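The next block is target.cif, given as mmCIF, C-alpha atoms.
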data_final
#
loop_
_atom_site.group_PDB
_atom_site.id
_atom_site.type_symbol
_atom_site.label_atom_id
_atom_site.label_comp_id
_atom_site.auth_asym_id
_atom_site.auth_seq_id
_atom_site.Cartn_x
_atom_site.Cartn_y
_atom_site.Cartn_z
ATOM 1 C CA MET H 1 9.276 -17.599 15.333
ATOM 2 C CA GLN H 2 7.219 -14.693 16.667
ATOM 3 C CA THR H 3 3.889 -14.212 14.919
ATOM 4 C CA VAL H 4 2.032 -10.901 15.019
ATOM 5 C CA ARG H 5 -1.632 -10.618 14.085
ATOM 6 C CA VAL H 6 -2.676 -7.299 12.562
ATOM 7 C CA ARG H 7 -6.408 -6.579 12.569
ATOM 8 C CA ILE H 8 -8.316 -3.877 10.714
ATOM 9 C CA VAL H 9 -11.975 -3.462 11.682
ATOM 10 C CA ALA H 10 -14.405 -1.823 9.258
ATOM 11 C CA ALA H 11 -17.807 -2.189 7.615
ATOM 12 C CA GLU H 12 -18.230 -5.275 5.420
ATOM 13 C CA LEU H 13 -17.457 -3.784 2.003
ATOM 14 C CA GLU H 14 -14.542 -1.729 3.312
ATOM 15 C CA ALA H 15 -13.067 -4.701 5.196
ATOM 16 C CA LYS H 16 -13.312 -6.898 2.098
ATOM 17 C CA ARG H 17 -11.630 -4.206 0.024
ATOM 18 C CA ILE H 18 -8.810 -3.928 2.558
ATOM 19 C CA ALA H 19 -8.398 -7.729 2.621
ATOM 20 C CA ASP H 20 -8.092 -7.752 -1.184
ATOM 21 C CA VAL H 21 -5.463 -5.013 -1.003
ATOM 22 C CA LEU H 22 -3.509 -6.909 1.674
ATOM 23 C CA GLU H 23 -3.550 -10.106 -0.399
ATOM 24 C CA ARG H 24 -2.093 -8.275 -3.386
ATOM 25 C CA LEU H 25 0.497 -6.308 -1.413
ATOM 26 C CA TYR H 26 1.780 -9.295 0.576
ATOM 27 C CA GLU H 27 1.441 -11.868 -2.205
ATOM 28 C CA ASP H 28 5.187 -12.392 -2.667
ATOM 29 C CA GLU H 29 5.779 -12.920 1.068
ATOM 30 C CA GLY H 30 2.950 -15.429 1.415
ATOM 31 C CA ASN H 31 1.467 -13.870 4.582
ATOM 32 C CA PRO H 32 -1.978 -15.394 5.249
ATOM 33 C CA VAL H 33 -4.923 -12.994 5.029
ATOM 34 C CA SER H 34 -8.423 -13.720 6.297
ATOM 35 C CA ILE H 35 -11.676 -11.827 6.750
ATOM 36 C CA TYR H 36 -14.590 -12.552 9.074
ATOM 37 C CA GLU H 37 -17.604 -11.010 10.802
ATOM 38 C CA SER H 38 -16.644 -9.325 14.079
ATOM 39 C CA THR H 39 -20.166 -8.799 15.412
ATOM 40 C CA ASP H 40 -23.304 -10.910 15.393
ATOM 41 C CA ASP H 41 -25.280 -8.221 13.567
ATOM 42 C CA GLY H 42 -22.724 -8.092 10.724
ATOM 43 C CA ARG H 43 -22.049 -4.388 11.125
ATOM 44 C CA GLU H 44 -18.337 -4.871 11.717
ATOM 45 C CA TRP H 45 -15.921 -7.106 9.840
ATOM 46 C CA THR H 46 -12.244 -7.766 10.497
ATOM 47 C CA ALA H 47 -9.525 -8.050 7.869
ATOM 48 C CA GLU H 48 -6.590 -9.887 9.397
ATOM 49 C CA ILE H 49 -3.032 -10.613 8.299
ATOM 50 C CA LEU H 50 -0.218 -12.502 10.039
ATOM 51 C CA LEU H 51 3.329 -11.114 9.981
ATOM 52 C CA PHE H 52 6.369 -12.987 11.230
ATOM 53 C CA GLU H 53 9.506 -12.056 13.176
ATOM 54 C CA VAL H 54 8.406 -8.463 13.827
ATOM 55 C CA GLU H 55 7.145 -6.503 16.821
ATOM 56 C CA PRO H 56 3.503 -5.323 16.909
ATOM 57 C CA ASP H 57 4.369 -1.658 16.347
ATOM 58 C CA GLU H 58 6.599 -2.617 13.409
ATOM 59 C CA ALA H 59 3.800 -4.749 11.950
ATOM 60 C CA ILE H 60 1.276 -1.906 12.186
ATOM 61 C CA ALA H 61 3.733 0.512 10.597
ATOM 62 C CA ASP H 62 4.453 -1.930 7.766
ATOM 63 C CA VAL H 63 0.767 -2.509 7.019
ATOM 64 C CA ARG H 64 -0.043 1.205 7.148
ATOM 65 C CA SER H 65 2.880 2.097 4.894
ATOM 66 C CA ARG H 66 1.763 -0.431 2.279
ATOM 67 C CA ILE H 67 -1.955 0.245 2.158
ATOM 68 C CA GLY H 68 -1.660 4.006 2.703
ATOM 69 C CA SER H 69 -5.018 5.742 2.491
ATOM 70 C CA ASP H 70 -6.894 2.474 1.865
ATOM 71 C CA ALA H 71 -7.337 2.079 5.639
ATOM 72 C CA PHE H 72 -7.247 5.738 6.601
ATOM 73 C CA SER H 73 -10.495 5.642 8.571
ATOM 74 C CA ALA H 74 -10.183 2.083 9.922
ATOM 75 C CA PRO H 75 -8.495 1.312 13.267
ATOM 76 C CA VAL H 76 -5.445 -0.958 13.079
ATOM 77 C CA GLU H 77 -4.491 -3.200 16.004
ATOM 78 C CA ALA H 78 -1.773 -5.804 16.486
ATOM 79 C CA ASP H 79 -0.917 -8.450 19.059
ATOM 80 C CA ILE H 80 1.575 -11.281 19.493
ATOM 81 C CA LEU H 81 0.151 -14.768 19.060
ATOM 82 C CA PRO H 82 1.231 -17.869 20.981
ATOM 83 C CA GLU H 83 3.224 -20.511 19.144
ATOM 84 C CA LEU H 84 0.599 -22.297 17.052
ATOM 85 C CA ASN H 85 0.113 -23.143 13.390
ATOM 86 C CA TRP H 86 -1.579 -19.827 12.633
ATOM 87 C CA VAL H 87 -1.848 -20.506 8.928
ATOM 88 C CA GLU H 88 -4.126 -23.398 9.836
ATOM 89 C CA LYS H 89 -5.802 -21.455 12.616
ATOM 90 C CA SER H 90 -6.646 -18.572 10.284
ATOM 91 C CA LEU H 91 -8.754 -20.929 8.157
ATOM 92 C CA GLU H 92 -10.792 -22.343 11.028
ATOM 93 C CA GLY H 93 -13.038 -19.285 11.175
ATOM 94 C CA LEU H 94 -13.686 -19.234 7.442
ATOM 95 C CA LYS H 95 -17.131 -20.284 6.347
ATOM 96 C CA PRO H 96 -17.685 -22.697 3.452
ATOM 97 C CA VAL H 97 -17.882 -21.019 0.056
ATOM 98 C CA THR H 98 -20.364 -22.200 -2.572
ATOM 99 C CA ALA H 99 -19.738 -21.435 -6.246
ATOM 100 C CA GLY H 100 -21.837 -23.275 -8.790
ATOM 101 C CA ARG H 101 -22.195 -26.870 -7.587
ATOM 102 C CA PHE H 102 -18.959 -26.625 -5.625
ATOM 103 C CA THR H 103 -18.634 -25.994 -1.900
ATOM 104 C CA VAL H 104 -15.087 -25.360 -0.702
ATOM 105 C CA HIS H 105 -14.719 -26.071 3.012
ATOM 106 C CA GLY H 106 -12.344 -27.060 5.779
ATOM 107 C CA GLY H 107 -12.408 -30.383 7.561
ATOM 108 C CA HIS H 108 -14.575 -28.876 10.303
ATOM 109 C CA ASP H 109 -17.361 -28.108 7.785
ATOM 110 C CA ARG H 110 -17.743 -31.365 5.862
ATOM 111 C CA ASP H 111 -21.397 -31.484 6.852
ATOM 112 C CA LYS H 112 -22.092 -28.114 5.204
ATOM 113 C CA VAL H 113 -22.020 -29.408 1.609
ATOM 114 C CA PRO H 114 -25.611 -29.227 0.265
ATOM 115 C CA GLY H 115 -27.307 -32.251 -1.238
ATOM 116 C CA GLY H 116 -26.283 -32.733 -4.857
ATOM 117 C CA GLY H 117 -23.278 -30.467 -4.394
ATOM 118 C CA ILE H 118 -19.614 -31.265 -4.876
ATOM 119 C CA GLY H 119 -17.542 -30.740 -1.753
ATOM 120 C CA ILE H 120 -13.868 -29.780 -1.978
ATOM 121 C CA GLU H 121 -11.960 -29.928 1.282
ATOM 122 C CA ILE H 122 -8.988 -27.568 1.443
ATOM 123 C CA GLU H 123 -7.025 -27.257 4.659
ATOM 124 C CA ALA H 124 -4.203 -24.903 5.620
ATOM 125 C CA ALA H 125 -1.111 -25.129 3.456
ATOM 126 C CA LEU H 126 1.914 -23.133 2.410
ATOM 127 C CA ALA H 127 0.188 -22.317 -0.875
ATOM 128 C CA PHE H 128 -3.088 -20.466 -0.504
ATOM 129 C CA GLY H 129 -6.354 -20.831 -2.414
ATOM 130 C CA THR H 130 -9.452 -21.654 -0.460
ATOM 131 C CA GLY H 131 -12.315 -20.382 -2.611
ATOM 132 C CA HIS H 132 -12.866 -17.296 -0.459
ATOM 133 C CA HIS H 133 -11.226 -14.971 -2.958
ATOM 134 C CA GLY H 134 -13.352 -13.547 -5.778
ATOM 135 C CA THR H 135 -11.035 -14.902 -8.465
ATOM 136 C CA THR H 136 -11.216 -18.490 -7.200
ATOM 137 C CA ALA H 137 -14.984 -18.369 -6.803
ATOM 138 C CA GLY H 138 -15.338 -16.908 -10.300
ATOM 139 C CA CYS H 139 -13.275 -19.730 -11.790
ATOM 140 C CA LEU H 140 -15.254 -22.370 -9.900
ATOM 141 C CA GLU H 141 -18.518 -21.000 -11.274
ATOM 142 C CA GLU H 142 -17.137 -21.098 -14.810
ATOM 143 C CA ILE H 143 -15.816 -24.653 -14.419
ATOM 144 C CA ASP H 144 -19.257 -25.788 -13.314
ATOM 145 C CA ARG H 145 -20.982 -23.909 -16.149
ATOM 146 C CA LEU H 146 -18.661 -25.121 -18.903
ATOM 147 C CA PHE H 147 -18.774 -28.773 -17.889
ATOM 148 C CA SER H 148 -22.572 -28.619 -17.807
ATOM 149 C CA MET H 149 -22.440 -27.760 -21.532
ATOM 150 C CA ARG H 150 -19.817 -30.148 -22.916
ATOM 151 C CA GLU H 151 -16.917 -32.465 -22.119
ATOM 152 C CA TYR H 152 -13.252 -31.492 -22.240
ATOM 153 C CA ASP H 153 -10.570 -34.081 -22.938
ATOM 154 C CA ARG H 154 -7.348 -32.204 -22.102
ATOM 155 C CA VAL H 155 -7.572 -29.845 -19.139
ATOM 156 C CA LEU H 156 -4.716 -27.772 -17.693
ATOM 157 C CA ASP H 157 -4.759 -25.791 -14.439
ATOM 158 C CA LEU H 158 -1.815 -23.404 -14.808
ATOM 159 C CA GLY H 159 -0.604 -21.951 -11.497
ATOM 160 C CA THR H 160 -2.566 -24.463 -9.457
ATOM 161 C CA GLY H 161 -1.736 -23.286 -5.907
ATOM 162 C CA THR H 162 -3.700 -25.533 -3.547
ATOM 163 C CA GLY H 163 -5.140 -27.401 -6.533
ATOM 164 C CA VAL H 164 -8.725 -26.366 -5.797
ATOM 165 C CA LEU H 165 -9.537 -25.572 -9.448
ATOM 166 C CA ALA H 166 -7.910 -28.738 -10.788
ATOM 167 C CA ILE H 167 -9.779 -30.777 -8.196
ATOM 168 C CA ALA H 168 -13.038 -29.062 -9.141
ATOM 169 C CA ALA H 169 -12.532 -29.840 -12.831
ATOM 170 C CA ALA H 170 -11.606 -33.451 -12.075
ATOM 171 C CA LEU H 171 -14.552 -34.082 -9.755
ATOM 172 C CA ARG H 172 -16.980 -32.362 -12.117
ATOM 173 C CA SER H 173 -15.840 -34.248 -15.206
ATOM 174 C CA ARG H 174 -14.288 -37.452 -13.810
ATOM 175 C CA GLN H 175 -11.562 -36.848 -16.409
ATOM 176 C CA PRO H 176 -7.790 -36.398 -15.913
ATOM 177 C CA VAL H 177 -6.559 -32.855 -15.225
ATOM 178 C CA LEU H 178 -2.979 -31.578 -15.391
ATOM 179 C CA ALA H 179 -2.048 -29.142 -12.584
ATOM 180 C CA THR H 180 1.227 -27.210 -12.668
ATOM 181 C CA ASP H 181 2.860 -24.453 -10.654
ATOM 182 C CA ILE H 182 6.164 -22.620 -10.491
ATOM 183 C CA ASP H 183 6.346 -23.429 -6.751
ATOM 184 C CA PRO H 184 7.236 -27.034 -5.792
ATOM 185 C CA VAL H 185 5.438 -26.582 -2.463
ATOM 186 C CA ALA H 186 2.266 -25.734 -4.372
ATOM 187 C CA THR H 187 2.410 -28.805 -6.613
ATOM 188 C CA LYS H 188 3.063 -31.029 -3.600
ATOM 189 C CA THR H 189 0.145 -29.411 -1.772
ATOM 190 C CA ALA H 190 -2.138 -29.751 -4.799
ATOM 191 C CA ALA H 191 -1.343 -33.457 -5.123
ATOM 192 C CA ALA H 192 -2.057 -34.032 -1.433
ATOM 193 C CA ASN H 193 -5.340 -32.123 -1.630
ATOM 194 C CA ALA H 194 -6.363 -34.091 -4.709
ATOM 195 C CA ARG H 195 -5.781 -37.360 -2.847
ATOM 196 C CA MET H 196 -7.745 -36.090 0.156
ATOM 197 C CA ASN H 197 -10.693 -35.281 -2.131
ATOM 198 C CA GLY H 198 -10.687 -38.618 -3.933
ATOM 199 C CA ALA H 199 -9.198 -37.160 -7.111
ATOM 200 C CA GLY H 200 -5.598 -38.270 -6.700
ATOM 201 C CA HIS H 201 -5.910 -40.645 -9.650
ATOM 202 C CA LEU H 202 -7.231 -37.833 -11.861
ATOM 203 C CA VAL H 203 -5.096 -34.804 -10.946
ATOM 204 C CA HIS H 204 -1.516 -35.068 -12.202
ATOM 205 C CA THR H 205 0.962 -32.428 -11.040
ATOM 206 C CA PHE H 206 4.412 -31.179 -11.928
ATOM 207 C CA THR H 207 6.510 -28.095 -11.235
ATOM 208 C CA ALA H 208 7.343 -25.810 -14.159
ATOM 209 C CA ASN H 209 8.282 -22.188 -14.775
ATOM 210 C CA GLY H 210 6.133 -20.899 -17.624
ATOM 211 C CA MET H 211 5.178 -23.292 -20.417
ATOM 212 C CA SER H 212 8.582 -24.130 -21.861
ATOM 213 C CA ASP H 213 8.728 -27.508 -20.116
ATOM 214 C CA ARG H 214 8.588 -30.368 -22.650
ATOM 215 C CA ARG H 215 5.882 -32.099 -20.613
ATOM 216 C CA PHE H 216 3.333 -29.508 -21.741
ATOM 217 C CA GLY H 217 3.923 -30.676 -25.298
ATOM 218 C CA GLU H 218 3.619 -34.303 -24.257
ATOM 219 C CA GLU H 219 0.372 -33.759 -22.314
ATOM 220 C CA GLY H 220 -1.226 -31.286 -24.746
ATOM 221 C CA PRO H 221 -2.574 -29.752 -26.774
ATOM 222 C CA PHE H 222 -5.318 -28.730 -24.352
ATOM 223 C CA ASP H 223 -8.940 -27.878 -25.027
ATOM 224 C CA LEU H 224 -9.490 -26.174 -21.641
ATOM 225 C CA LEU H 225 -6.998 -24.092 -19.688
ATOM 226 C CA ILE H 226 -7.688 -22.552 -16.278
ATOM 227 C CA ALA H 227 -5.240 -19.886 -15.091
ATOM 228 C CA ASN H 228 -5.975 -17.953 -11.913
ATOM 229 C CA ILE H 229 -2.718 -16.042 -11.692
ATOM 230 C CA LEU H 230 -2.060 -12.356 -12.471
ATOM 231 C CA ALA H 231 -2.374 -10.096 -15.499
ATOM 232 C CA ARG H 232 1.363 -9.685 -16.152
ATOM 233 C CA PRO H 233 2.263 -13.396 -16.449
ATOM 234 C CA LEU H 234 -0.918 -14.016 -18.428
ATOM 235 C CA MET H 235 0.159 -11.308 -20.864
ATOM 236 C CA GLN H 236 3.715 -12.636 -21.059
ATOM 237 C CA MET H 237 2.575 -16.217 -21.669
ATOM 238 C CA SER H 238 -0.212 -15.480 -24.153
ATOM 239 C CA ARG H 239 1.786 -16.760 -27.142
ATOM 240 C CA ASP H 240 2.945 -19.931 -25.361
ATOM 241 C CA ILE H 241 -0.506 -20.626 -23.951
ATOM 242 C CA ALA H 242 -2.138 -20.222 -27.362
ATOM 243 C CA ALA H 243 0.476 -22.508 -28.936
ATOM 244 C CA HIS H 244 -0.417 -25.317 -26.514
ATOM 245 C CA MET H 245 -4.176 -25.068 -27.082
ATOM 246 C CA GLN H 246 -6.243 -27.040 -29.578
ATOM 247 C CA PRO H 247 -7.775 -25.191 -32.555
ATOM 248 C CA VAL H 248 -11.124 -25.452 -30.767
ATOM 249 C CA SER H 249 -10.427 -24.538 -27.150
ATOM 250 C CA THR H 250 -11.461 -22.494 -24.131
ATOM 251 C CA LEU H 251 -9.561 -20.390 -21.577
ATOM 252 C CA ILE H 252 -10.715 -19.397 -18.084
ATOM 253 C CA LEU H 253 -8.468 -16.511 -17.032
ATOM 254 C CA SER H 254 -8.596 -14.792 -13.659
ATOM 255 C CA GLY H 255 -6.461 -13.116 -11.017
ATOM 256 C CA LEU H 256 -7.355 -9.932 -12.889
ATOM 257 C CA ARG H 257 -8.441 -6.509 -11.752
ATOM 258 C CA ILE H 258 -11.284 -4.921 -13.730
ATOM 259 C CA GLU H 259 -8.898 -2.577 -15.524
ATOM 260 C CA ASP H 260 -6.813 -5.533 -16.797
ATOM 261 C CA GLY H 261 -9.607 -6.757 -19.073
ATOM 262 C CA PRO H 262 -8.887 -4.804 -22.280
ATOM 263 C CA ARG H 263 -5.187 -5.674 -22.511
ATOM 264 C CA ILE H 264 -5.839 -9.357 -21.769
ATOM 265 C CA LEU H 265 -8.490 -9.466 -24.494
ATOM 266 C CA PHE H 266 -6.116 -7.795 -26.940
ATOM 267 C CA ALA H 267 -3.208 -10.129 -26.123
ATOM 268 C CA TYR H 268 -5.258 -13.291 -26.611
ATOM 269 C CA GLY H 269 -7.249 -11.831 -29.487
ATOM 270 C CA CYS H 270 -3.981 -11.766 -31.422
ATOM 271 C CA HIS H 271 -4.008 -15.573 -31.178
ATOM 272 C CA GLY H 272 -7.600 -16.127 -32.266
ATOM 273 C CA PHE H 273 -9.388 -16.071 -28.886
ATOM 274 C CA HIS H 274 -12.455 -13.936 -28.325
ATOM 275 C CA LEU H 275 -14.557 -13.131 -25.275
ATOM 276 C CA SER H 276 -17.348 -15.556 -24.475
ATOM 277 C CA LYS H 277 -18.228 -14.563 -20.910
ATOM 278 C CA ARG H 278 -17.112 -11.891 -18.466
ATOM 279 C CA GLY H 279 -17.690 -12.157 -14.716
ATOM 280 C CA GLU H 280 -16.967 -9.703 -11.912
ATOM 281 C CA LYS H 281 -16.811 -10.638 -8.246
ATOM 282 C CA GLU H 282 -15.639 -8.398 -5.407
ATOM 283 C CA GLY H 283 -13.702 -6.159 -7.780
ATOM 284 C CA TRP H 284 -11.990 -9.061 -9.564
ATOM 285 C CA LEU H 285 -12.476 -10.182 -13.135
ATOM 286 C CA THR H 286 -12.856 -13.652 -14.645
ATOM 287 C CA LEU H 287 -12.744 -13.945 -18.440
ATOM 288 C CA THR H 288 -13.804 -16.943 -20.511
ATOM 289 C CA LEU H 289 -12.255 -16.865 -23.981
ATOM 290 C CA VAL H 290 -12.900 -19.262 -26.848
ATOM 291 C CA ARG H 291 -11.238 -20.117 -30.124
ATOM 292 C CA GLY H 292 -12.713 -22.052 -33.005
ATOM 293 C CA ARG H 293 -16.368 -22.019 -31.926
ATOM 294 C CA PRO H 294 -18.877 -19.293 -31.110
ATOM 295 C CA GLN H 295 -20.199 -20.473 -27.755
ATOM 296 C CA ALA H 296 -18.795 -21.526 -24.342
#
Could you take the file, read its structure, and then write that structure out as structure tokens?
Amino acid sequence: MQTVRVRIVAAELEAKRIADVLERLYEDEGNPVSIYESTDDGREWTAEILLFEVEPDEAIADVRSRIGSDAFSAPVEADILPELNWVEKSLEGLKPVTAGRFTVHGGHDRDKVPGGGIGIEIEAALAFGTGHHGTTAGCLEEIDRLFSMREYDRVLDLGTGTGVLAIAAALRSRQPVLATDIDPVATKTAAANARMNGAGHLVHTFTANGMSDRRFGEEGPFDLLIANILARPLMQMSRDIAAHMQPVSTLILSGLRIEDGPRILFAYGCHGFHLSKRGEKEGWLTLTLVRGRPQA
């Protein structure tokens, strides 16, 4: 299968903005997106995406047509890559990410976890989630903060992806965590990553579409839910999510653009949740909502 690498070179903030746009626009196709420094002085950064079974000129045209004016001033280049596992290769250049006590890293950076920190090793997989995105980092910071304040007995990571958030909660608390996803590849990946990080006995996974599966009722009700997905499914599932939460409970919701905040707060406010903490990172929003107690 021919793989084409499309590169867009720009200043740091612009390149990060373009990478965020590419992740959103190609989310359904699952094309890997990465971003890295192009020069030693940090003046140029490269946003990169891999497209499959296309020619370079077709790949450039597709990227330009999707992002439109978002990359108007940035040069776009494309080349054909040799037959390698480029999903894995795209992660090799990524630096470890520290959020709270957590450091998310690849196998080549195990020695980069600071003393007293909690390392989470996430390698290339068909489901993405490596801590480099603002939503994942925001959730990791909240997991660390919340578990420093109290214990949670029933934790659910809804839309687990690679399992990084479930693994973080399990390693931070040493308590069982339920991790679910609509994608069977994701739940398989999450389980494998949990085992690799010594949390296989704590992270339990299953595949489910929404929260209608009977196993949610058997495992719940939950006192902490982590959902790093998107605004639309979070809106659609607000009633079901609230119904599976304990009277005193906390939600960490992300995958949200800044403008999504008011409608998410309204949807969950209808079920007794109110805002406890709001965090913004790289244009993305993480909301912590609570029900039944004033602080979280």
Practice problem: For H:Phe222, please output as a PyMOL selection string all residues within 8 Å (counting only C-alpha atoms; exclusion window: fewer than 5 positions along the same chain). | Solution: chain H and resi 153-156+244-246+249
The selected residues should be written to file as a PDB file, in the coordinates of the input (atoms: C-alpha atoms).
ATOM      1  CA  ASP H 153     -10.570 -34.081 -22.938  1.00  0.00           C
ATOM      2  CA  ARG H 154      -7.348 -32.204 -22.102  1.00  0.00           C
ATOM      3  CA  VAL H 155      -7.572 -29.845 -19.139  1.00  0.00           C
ATOM      4  CA  LEU H 156      -4.716 -27.772 -17.693  1.00  0.00           C
ATOM      5  CA  HIS H 244      -0.417 -25.317 -26.514  1.00  0.00           C
ATOM      6  CA  MET H 245      -4.176 -25.068 -27.082  1.00  0.00           C
ATOM      7  CA  GLN H 246      -6.243 -27.040 -29.578  1.00  0.00           C
ATOM      8  CA  SER H 249     -10.427 -24.538 -27.150  1.00  0.00           C
TER       9      SER H 249
END
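Distance annotation: of H:Ile80, H:Leu225, H:Met196, H:Ile8, the residue with the minimal separation from H:Asp57 is H:Ile80; atom set is all atoms listed in the file.
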Result set, the PyMOL selection byres ((chain H and resi 287) around 12) on current file, as a tab-separated table (two decimals) with C-alpha atoms, in the coordinates of the input:
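In the end it all went to out_3.tsv:
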chain	number	residue	atom	x	y	z
H	135	THR	CA	-11.04	-14.90	-8.46
H	138	GLY	CA	-15.34	-16.91	-10.30
H	139	CYS	CA	-13.28	-19.73	-11.79
H	141	GLU	CA	-18.52	-21.00	-11.27
H	142	GLU	CA	-17.14	-21.10	-14.81
H	143	ILE	CA	-15.82	-24.65	-14.42
H	225	LEU	CA	-7.00	-24.09	-19.69
H	226	ILE	CA	-7.69	-22.55	-16.28
H	227	ALA	CA	-5.24	-19.89	-15.09
H	228	ASN	CA	-5.98	-17.95	-11.91
H	231	ALA	CA	-2.37	-10.10	-15.50
H	234	LEU	CA	-0.92	-14.02	-18.43
H	250	THR	CA	-11.46	-22.49	-24.13
H	251	LEU	CA	-9.56	-20.39	-21.58
H	252	ILE	CA	-10.72	-19.40	-18.08
H	253	LEU	CA	-8.47	-16.51	-17.03
H	254	SER	CA	-8.60	-14.79	-13.66
H	255	GLY	CA	-6.46	-13.12	-11.02
H	256	LEU	CA	-7.36	-9.93	-12.89
H	257	ARG	CA	-8.44	-6.51	-11.75
H	258	ILE	CA	-11.28	-4.92	-13.73
H	260	ASP	CA	-6.81	-5.53	-16.80
H	261	GLY	CA	-9.61	-6.76	-19.07
H	262	PRO	CA	-8.89	-4.80	-22.28
H	263	ARG	CA	-5.19	-5.67	-22.51
H	264	ILE	CA	-5.84	-9.36	-21.77
H	265	LEU	CA	-8.49	-9.47	-24.49
H	268	TYR	CA	-5.26	-13.29	-26.61
H	273	PHE	CA	-9.39	-16.07	-28.89
H	274	HIS	CA	-12.46	-13.94	-28.32
H	275	LEU	CA	-14.56	-13.13	-25.28
H	276	SER	CA	-17.35	-15.56	-24.48
H	277	LYS	CA	-18.23	-14.56	-20.91
H	278	ARG	CA	-17.11	-11.89	-18.47
H	279	GLY	CA	-17.69	-12.16	-14.72
H	280	GLU	CA	-16.97	-9.70	-11.91
H	281	LYS	CA	-16.81	-10.64	-8.25
H	284	TRP	CA	-11.99	-9.06	-9.56
H	285	LEU	CA	-12.48	-10.18	-13.14
H	286	THR	CA	-12.86	-13.65	-14.64
H	288	THR	CA	-13.80	-16.94	-20.51
H	289	LEU	CA	-12.26	-16.86	-23.98
H	290	VAL	CA	-12.90	-19.26	-26.85
H	296	ALA	CA	-18.80	-21.53	-24.34
Quiz prompt | Result set, the PyMOL selection byres ((chain H and resi 105-109) around 7) on current file, as a PyMOL selection string | solution = chain H and resi 96-97+103-104+110-112+120-123
Let me know the residues the PyMOL selection byres ((chain H and resi 116) around 12) catches in the file above, as a PDB file with C-alpha atoms, in the coordinates of the input.
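This is the output file expr_24.pdb:
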ATOM      1  CA  GLY H 100     -21.837 -23.275  -8.790  1.00  0.00           C
ATOM      2  CA  ARG H 101     -22.195 -26.870  -7.587  1.00  0.00           C
ATOM      3  CA  PHE H 102     -18.959 -26.625  -5.625  1.00  0.00           C
ATOM      4  CA  THR H 103     -18.634 -25.994  -1.900  1.00  0.00           C
ATOM      5  CA  LYS H 112     -22.092 -28.114   5.204  1.00  0.00           C
ATOM      6  CA  VAL H 113     -22.020 -29.408   1.609  1.00  0.00           C
ATOM      7  CA  PRO H 114     -25.611 -29.227   0.265  1.00  0.00           C
ATOM      8  CA  GLY H 115     -27.307 -32.251  -1.238  1.00  0.00           C
ATOM      9  CA  GLY H 117     -23.278 -30.467  -4.394  1.00  0.00           C
ATOM     10  CA  ILE H 118     -19.614 -31.265  -4.876  1.00  0.00           C
ATOM     11  CA  GLY H 119     -17.542 -30.740  -1.753  1.00  0.00           C
ATOM     12  CA  ARG H 172     -16.980 -32.362 -12.117  1.00  0.00           C
TER      13      ARG H 172
END
Quiz prompt | Interatomic distance (Å, one decimal) between atom CA of H:Leu140 and atom CA of H:Leu224 | solution =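 Between these atoms lies a distance of 13.6 Å.
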Quiz item: Counting all atoms listed in the file, what is within 9 Å of H:Lys188, bar same-chain residues fewer than 5 positions away, as number ranges by chain?
Solution: H: 162, 183, 193, 205-207
Self-check item: Residue contacts of H:Ala11 (9 Å, only C-alpha atoms) excluding same-chain residues fewer than 4 positions away, as a PyMOL selection string
Solution: chain H and resi 15-16+42-46
Quiz prompt | Residue among H:Ile49, H:Asp79, H:Gly30, H:Ala199 lying closest to H:Ala186, counting all atoms listed in the file | solution =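 Closest to H:Ala186 of all the choices is H:Gly30.
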